[in-house]
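**Student:** What follows is upload_25.txt, compact mmCIF, C-alpha atoms.
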# COMPACT_ATOMS: atom_id res chain seq x y z
CA MET P 6 -88.79 24.39 49.90
CA ARG P 7 -90.56 21.46 48.22
CA LEU P 8 -92.73 21.34 45.12
CA ALA P 9 -95.78 20.89 47.36
CA GLU P 10 -95.11 24.36 48.77
CA LEU P 11 -95.10 25.97 45.32
CA ASP P 12 -97.74 27.15 42.88
CA ALA P 13 -95.37 28.21 40.10
CA VAL P 14 -91.85 27.88 38.78
CA THR P 15 -90.32 30.42 36.42
CA ILE P 16 -87.29 29.49 34.34
CA ASP P 17 -84.54 31.52 32.74
CA ALA P 18 -84.08 30.92 29.02
CA TYR P 19 -80.45 31.21 27.92
CA GLY P 20 -78.17 28.82 29.75
CA THR P 21 -81.03 27.20 31.65
CA ILE P 22 -83.48 25.88 29.07
CA VAL P 23 -81.80 26.78 25.76
CA GLU P 24 -78.23 27.17 24.58
CA LEU P 25 -76.65 28.53 21.43
CA ALA P 26 -74.98 26.14 19.02
CA ASP P 27 -71.58 27.59 18.14
CA PRO P 28 -72.42 30.27 15.55
CA VAL P 29 -68.84 31.11 14.56
CA PRO P 30 -68.55 28.66 11.61
CA ARG P 31 -71.85 29.86 10.16
CA LEU P 32 -70.98 33.51 10.71
CA ARG P 33 -67.62 33.03 9.04
CA GLU P 34 -69.19 31.24 6.06
CA GLY P 35 -71.89 33.87 5.63
CA LEU P 36 -69.43 36.74 5.84
CA ALA P 37 -67.04 35.07 3.39
CA ALA P 38 -69.90 34.80 0.88
CA LEU P 39 -70.17 38.60 1.08
CA GLY P 40 -66.44 39.12 0.60
CA VAL P 41 -65.46 39.37 4.27
CA ASP P 42 -63.06 36.46 4.60
CA ARG P 43 -61.57 36.28 8.11
CA GLY P 44 -60.08 33.58 10.30
CA VAL P 45 -61.95 31.64 12.95
CA GLU P 46 -60.28 33.44 15.84
CA ALA P 47 -61.09 36.87 14.42
CA VAL P 48 -64.75 35.98 13.89
CA ALA P 49 -64.93 34.45 17.37
CA ARG P 50 -63.59 37.69 18.90
CA ALA P 51 -66.08 39.73 16.88
CA PHE P 52 -68.97 37.53 17.99
CA ALA P 53 -67.91 37.73 21.64
CA ARG P 54 -67.96 41.53 21.43
CA GLU P 55 -71.38 41.46 19.78
CA ALA P 56 -72.77 39.02 22.36
CA SER P 57 -71.69 41.30 25.19
CA TYR P 58 -73.48 44.21 23.54
CA TYR P 59 -76.63 42.17 22.93
CA ARG P 60 -76.85 41.04 26.56
CA GLU P 61 -76.96 44.67 27.67
CA HIS P 62 -79.41 45.82 25.00
CA SER P 63 -81.68 42.83 24.28
CA PHE P 64 -84.63 44.49 26.03
CA GLU P 65 -84.59 47.20 23.36
CA GLY P 66 -85.96 44.73 20.77
CA ARG P 67 -89.61 45.42 21.62
CA ASP P 68 -91.22 44.87 18.20
CA ASP P 69 -90.27 44.01 14.63
CA GLU P 70 -88.89 47.47 13.85
CA SER P 71 -86.82 47.89 17.01
CA LEU P 72 -85.60 44.29 16.83
CA TYR P 73 -84.34 44.82 13.31
CA GLU P 74 -82.52 47.95 14.44
CA LEU P 75 -80.98 46.06 17.37
CA ARG P 76 -79.80 43.31 15.04
CA ARG P 77 -78.40 45.88 12.61
CA ARG P 78 -76.36 47.39 15.43
CA CYS P 79 -75.16 43.94 16.49
CA VAL P 80 -73.99 43.19 12.95
CA GLY P 81 -72.29 46.58 12.86
CA ILE P 82 -70.26 45.64 15.93
CA ILE P 83 -69.08 42.43 14.26
CA LEU P 84 -68.11 44.25 11.08
CA ASP P 85 -66.34 46.98 13.01
CA GLU P 86 -64.29 44.40 14.93
CA LEU P 87 -63.38 42.72 11.64
CA GLU P 88 -62.61 46.09 10.00
CA ALA P 89 -64.92 45.09 7.17
CA ASP P 90 -66.23 47.55 4.60
CA LEU P 91 -69.75 46.16 4.42
CA ALA P 92 -73.09 47.74 5.25
CA PRO P 93 -74.65 46.02 8.28
CA GLU P 94 -77.95 45.69 6.43
CA ALA P 95 -76.29 43.29 4.00
CA PHE P 96 -75.67 40.71 6.71
CA VAL P 97 -78.65 40.99 9.07
CA ASP P 98 -80.39 37.95 7.57
CA GLY P 99 -77.16 35.94 7.58
CA PHE P 100 -76.52 36.93 11.19
CA VAL P 101 -79.98 35.79 12.27
CA ALA P 102 -79.61 32.51 10.37
CA ALA P 103 -76.34 31.80 12.20
CA MET P 104 -78.03 32.01 15.61
CA ARG P 105 -79.33 28.47 16.14
CA PHE P 106 -80.61 27.54 19.56
CA GLU P 107 -81.18 24.11 21.03
CA LEU P 108 -82.58 22.74 24.27
CA VAL P 109 -80.22 22.25 27.18
CA PRO P 110 -79.99 18.47 27.75
CA GLY P 111 -82.64 17.37 30.23
CA ALA P 112 -84.31 20.79 30.44
CA GLY P 113 -87.32 19.94 28.29
CA THR P 114 -88.05 16.81 30.30
CA ALA P 115 -87.69 18.73 33.57
CA LEU P 116 -90.09 21.41 32.37
CA GLN P 117 -92.67 18.78 31.46
CA ALA P 118 -92.25 17.18 34.88
CA LEU P 119 -93.11 20.48 36.55
CA ARG P 120 -96.18 20.94 34.39
CA HIS P 121 -97.35 17.36 34.95
CA ARG P 122 -97.23 18.02 38.69
CA GLY P 123 -99.71 20.86 38.25
CA LEU P 124 -97.33 23.75 38.67
CA ALA P 125 -97.75 26.89 36.62
CA THR P 126 -94.62 27.60 34.61
CA ALA P 127 -93.23 30.49 32.61
CA ILE P 128 -90.00 31.38 30.87
CA VAL P 129 -88.57 34.64 32.25
CA SER P 130 -85.58 35.96 30.34
CA ASN P 131 -83.43 38.89 29.33
CA TRP P 132 -84.28 38.62 25.63
CA ASP P 133 -85.89 40.48 22.78
CA PHE P 134 -89.55 40.03 21.93
CA GLY P 135 -88.76 37.24 19.46
CA LEU P 136 -88.10 34.66 22.20
CA PRO P 137 -91.56 33.01 22.02
CA ARG P 138 -90.94 32.19 18.34
CA GLN P 139 -87.54 30.75 19.18
CA LEU P 140 -89.02 28.51 21.87
CA ALA P 141 -91.93 27.41 19.71
CA GLY P 142 -89.44 26.35 17.06
CA LEU P 143 -87.86 24.07 19.66
CA GLY P 144 -91.18 22.45 20.53
CA LEU P 145 -91.94 24.49 23.66
CA HIS P 146 -95.49 25.39 22.79
CA GLY P 147 -97.97 26.77 25.29
CA VAL P 148 -95.42 27.91 27.88
CA PRO P 149 -95.96 31.56 28.85
CA VAL P 150 -92.94 33.73 28.06
CA VAL P 151 -92.05 37.06 29.66
CA THR P 152 -89.03 38.92 28.29
CA SER P 153 -87.14 41.96 29.47
CA ALA P 154 -88.29 43.60 26.23
CA GLU P 155 -91.90 43.19 27.36
CA ALA P 156 -91.17 44.31 30.92
CA GLY P 157 -89.09 47.27 29.76
CA ALA P 158 -86.06 46.47 31.90
CA PRO P 159 -83.55 43.62 32.17
CA LYS P 160 -82.80 41.50 35.22
CA PRO P 161 -81.82 42.09 37.96
CA ASP P 162 -84.67 44.60 37.82
CA PRO P 163 -87.62 42.65 39.28
CA ALA P 164 -90.07 44.00 36.68
CA VAL P 165 -89.87 40.90 34.46
CA PHE P 166 -90.56 38.63 37.46
CA ILE P 167 -93.45 40.76 38.68
CA ARG P 168 -94.97 40.62 35.21
CA ALA P 169 -94.66 36.82 35.20
CA LEU P 170 -96.28 36.53 38.62
CA GLU P 171 -99.18 38.66 37.43
CA LEU P 172 -99.53 36.53 34.32
CA LEU P 173 -99.52 33.29 36.31
CA ARG P 174 -101.69 34.78 39.08
CA VAL P 175 -99.53 33.52 41.92
CA ARG P 176 -98.09 35.14 45.02
CA PRO P 177 -94.32 35.63 45.00
CA GLU P 178 -93.77 33.59 48.16
CA ARG P 179 -95.36 30.61 46.36
CA ALA P 180 -93.12 30.91 43.35
CA LEU P 181 -89.60 29.76 42.55
CA HIS P 182 -87.20 30.90 39.85
CA VAL P 183 -84.49 28.70 38.32
CA GLY P 184 -81.65 30.49 36.55
CA ASP P 185 -77.92 30.52 35.91
CA SER P 186 -76.80 34.04 36.79
CA ASP P 187 -76.47 36.49 39.65
CA ALA P 188 -79.03 38.67 37.88
CA ASP P 189 -81.53 35.80 38.00
CA GLU P 190 -81.05 35.37 41.73
CA ALA P 191 -81.06 39.07 42.58
CA GLY P 192 -84.13 39.79 40.46
CA ALA P 193 -86.13 36.86 41.80
CA LEU P 194 -85.34 37.69 45.41
CA ALA P 195 -86.20 41.35 44.83
CA ALA P 196 -89.60 40.22 43.55
CA GLY P 197 -90.14 38.16 46.73
CA MET P 198 -89.60 34.77 45.08
CA GLN P 199 -87.38 31.84 45.98
CA PHE P 200 -84.37 30.99 43.83
CA VAL P 201 -82.58 27.76 42.88
CA PRO P 202 -79.58 27.69 40.51
CA ALA P 203 -79.61 25.81 37.22
CA PRO P 204 -79.49 23.16 35.85
CA LEU P 205 -83.26 22.80 35.77
CA SER P 206 -83.18 19.00 35.93
CA ARG P 207 -81.17 19.06 39.16
CA ALA P 208 -83.39 21.75 40.63
CA VAL P 209 -86.48 19.63 40.00
CA GLU P 210 -84.85 16.60 41.57
CA ALA P 211 -83.82 18.60 44.64
CA LEU P 212 -87.34 19.89 45.16
CA ALA P 213 -89.11 16.55 44.76
Please re-express this file's structure in structure tokens.

**Tutor:**
Amino acid sequence: MRLAELDAVTIDAYGTIVELADPVPRLREGLAALGVDRGVEAVARAFAREASYYREHSFEGRDDESLYELRRRCVGIILDELEADLAPEAFVDGFVAAMRFELVPGAGTALQALRHRGLATAIVSNWDFGLPRQLAGLGLHGVPVVTSAEAGAPKPDPAVFIRALELLRVRPERALHVGDSDADEAGALAAGMQFVPAPLSRAVEALA
């Protein structure tokens, strides 16, 4: 498949267009300020456990209220792993502040290249409803975003892809998804789309 054969390209968010700057130092500092002073390895293990939980439950953050509850549960997992006697509510803001995302090198330029060639684009991700704000903060304004929270189910369920195709008004056989996981590939194919693995910059070069 070549770009001339496409009307749209959808792109996974985490690992494809954005990545998380190591949050462990900031988590450790924030927890220490609240009296939970633990070593780097312990905090890293706690964060890994939380991250696994979030990946499975991110679609439950559908609005401000449910997102807060999801974050409260995530903080609770960290505190439980650290055996810390602290109410999760006390660290929700610190937890959120520790999660700093940045663009994957080359991904922003590749996205702009797709748009300059007249292709419709959208970010399609297993994420809570706050993803558009995260992306806007990184300078990705005006790019449609469809999350698993909006679709009501995470990849590999094709619902999030079908929603994106409806939003972009393109047929699935004229659309391509770029992602970094088996769930990306399985979900895109189930929706009738083509799939190319990340990185986005290499995918764009291969399709030129």

**Student:** So the first atom is CA of Leu194 (chain P) and the second is CA of Leu140 (chain P); what is the distance between them in Å, to one decimal place?

**Tutor:** 25.5 Å

**Student:** Determine, for each residue of region 128-213 of chain P having at least one atom at most 6 Å from an atom of region 13-18 of chain P, the closest pair of atoms and their separation in Å to one decimal, counting only C-alpha atoms; order by chain and ascending number, as CSV.

**Tutor:**
residue,atom,partner,partner_atom,distance
P:Ile128,CA,P:Ile16,CA,4.8
P:Val129,CA,P:Asp17,CA,5.1
P:Ser130,CA,P:Asp17,CA,5.2
P:Ala180,CA,P:Ala13,CA,4.8
P:Leu181,CA,P:Val14,CA,4.8
P:His182,CA,P:Thr15,CA,4.7
P:Val183,CA,P:Ile16,CA,4.9
P:Gly184,CA,P:Asp17,CA,4.9

**Student:** Dump C-alpha atoms for the selected residues as a PDB file, in the coordinates of the input?

**Tutor:**
ATOM      1  CA  ILE P 128     -90.000  31.380  30.870  1.00  0.00           C
ATOM      2  CA  VAL P 129     -88.570  34.640  32.250  1.00  0.00           C
ATOM      3  CA  SER P 130     -85.580  35.960  30.340  1.00  0.00           C
ATOM      4  CA  ALA P 180     -93.120  30.910  43.350  1.00  0.00           C
ATOM      5  CA  LEU P 181     -89.600  29.760  42.550  1.00  0.00           C
ATOM      6  CA  HIS P 182     -87.200  30.900  39.850  1.00  0.00           C
ATOM      7  CA  VAL P 183     -84.490  28.700  38.320  1.00  0.00           C
ATOM      8  CA  GLY P 184     -81.650  30.490  36.550  1.00  0.00           C
TER       9      GLY P 184
END

**Student:** Is it possible to get the residues within 12 Å of (-98.6, 36.5, 36.9) (coordinates as in the file, counting all atoms listed in the file) written as a ChimeraX atom specification?

**Tutor:** /P:12-15,125-129,149-151,164-177,179-180,196

**Student:** From the options P:Pro163, P:Gly40, P:Gly142, P:Pro93, which residue's atoms come nearest to Ala188 (chain P), counting all atoms listed in the file?

**Tutor:** P:Pro163

**Student:** Compile the contact shell of Tyr58 (chain P) as a PyMOL selection string: residues with an atom at most 10 Å away, counting only C-alpha atoms, same-chain residues fewer than 4 positions apart removed.

**Tutor:** chain P and resi 52-54+62-63+75+78-79+82

**Student:** How many Å lie between CA of Gly197 (chain P) and CA of Gln139 (chain P), rounded to one decimal?

**Tutor:**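 So the two atoms, CA of Gly197 (chain P) and CA of Gln139 (chain P), lie 28.6 Å apart.
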
**Student:** Within 12 Å of (-87.2, 18.9, 31.1) (coordinates as in the file), grab all the protein and nucleic acid residues, counting only C-alpha atoms, and write them out as a CSV table (one decimal) with C-alpha atoms, in the coordinates of the input.

**Tutor:**
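Once everything was written out, this is point.csv:
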chain,number,residue,atom,x,y,z
P,16,ILE,CA,-87.3,29.5,34.3
P,21,THR,CA,-81.0,27.2,31.6
P,22,ILE,CA,-83.5,25.9,29.1
P,23,VAL,CA,-81.8,26.8,25.8
P,108,LEU,CA,-82.6,22.7,24.3
P,109,VAL,CA,-80.2,22.2,27.2
P,110,PRO,CA,-80.0,18.5,27.8
P,111,GLY,CA,-82.6,17.4,30.2
P,112,ALA,CA,-84.3,20.8,30.4
P,113,GLY,CA,-87.3,19.9,28.3
P,114,THR,CA,-88.0,16.8,30.3
P,115,ALA,CA,-87.7,18.7,33.6
P,116,LEU,CA,-90.1,21.4,32.4
P,117,GLN,CA,-92.7,18.8,31.5
P,118,ALA,CA,-92.2,17.2,34.9
P,119,LEU,CA,-93.1,20.5,36.6
P,120,ARG,CA,-96.2,20.9,34.4
P,121,HIS,CA,-97.4,17.4,35.0
P,126,THR,CA,-94.6,27.6,34.6
P,144,GLY,CA,-91.2,22.4,20.5
P,145,LEU,CA,-91.9,24.5,23.7
P,203,ALA,CA,-79.6,25.8,37.2
P,204,PRO,CA,-79.5,23.2,35.8
P,205,LEU,CA,-83.3,22.8,35.8
P,206,SER,CA,-83.2,19.0,35.9
P,207,ARG,CA,-81.2,19.1,39.2
P,208,ALA,CA,-83.4,21.8,40.6
P,209,VAL,CA,-86.5,19.6,40.0
P,210,GLU,CA,-84.8,16.6,41.6

**Student:** Between CA of Ala193 (chain P) and CA of Ala56 (chain P), what is the distance in Å, rounded to a tenth?

**Tutor:**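 Pair CA of Ala193 (chain P) / CA of Ala56 (chain P) returns 23.7 Å.
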
**Student:** Looking at P:Leu36, P:Leu136, P:Val29, P:Ala102, which one is nearest to Ala49 (chain P), with distances taken over all atoms listed in the file?

**Tutor:**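 Checking each of P:Leu36, P:Leu136, P:Val29, P:Ala102 against Ala49 (chain P), counting all atoms listed in the file, the winner is P:Val29.
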
**Student:** Taking into account all atoms listed in the file, which residue in the set P:Val148, P:Ala211, P:Val48, P:Leu8 is nearest to Gly35 (chain P)?

**Tutor:**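 Under the stated criterion, the closest residue is P:Val48.
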
**Student:** Please identify all polymer residues within 7 Å of Glu107 (chain P), counting all atoms listed in the file, omitting same-chain residues fewer than 4 positions from it, and present them as a ChimeraX atom specification.

**Tutor:** /P:23-26,143

**Student:** How about saving the chosen residues, C-alpha atoms kept, as a compact mmCIF listing (two decimals), in the coordinates of the input?

**Tutor:**
# COMPACT_ATOMS: atom_id res chain seq x y z
CA VAL P 23 -81.80 26.78 25.76
CA GLU P 24 -78.23 27.17 24.58
CA LEU P 25 -76.65 28.53 21.43
CA ALA P 26 -74.98 26.14 19.02
CA LEU P 143 -87.86 24.07 19.66

**Student:** For a quick check of understanding, using only C-alpha atoms, which of P:Leu72, P:Asn131, P:Leu91, P:Ala156 has the smallest distance to Gly20 (chain P)?

**Tutor:** P:Asn131

**Student:** Quick one: axis-aligned box around all listed atoms of region 62-75 of chain P, 3 Å on every side, centre and edge lengths in Å to one decimal, written as AutoDock Vina command-line options.

**Tutor:**
--center_x -85.3 --center_y 45.4 --center_z 19.7 --size_x 17.8 --size_y 11.1 --size_z 18.7

**Student:** Using only C-alpha atoms for the distances, tell me which of P:Leu32, P:Val101, P:Leu11, P:Leu39 is nearest to Ile83 (chain P).

**Tutor:**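 Answer, going by the shortest atom-to-atom distance: P:Leu32.
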
**Student:** Which residues come within 7 Å of Leu87 (chain P), counting all atoms listed in the file, excluding same-chain residues fewer than 3 positions away, as a ChimeraX atom specification?

**Tutor:** /P:47,51,83-84
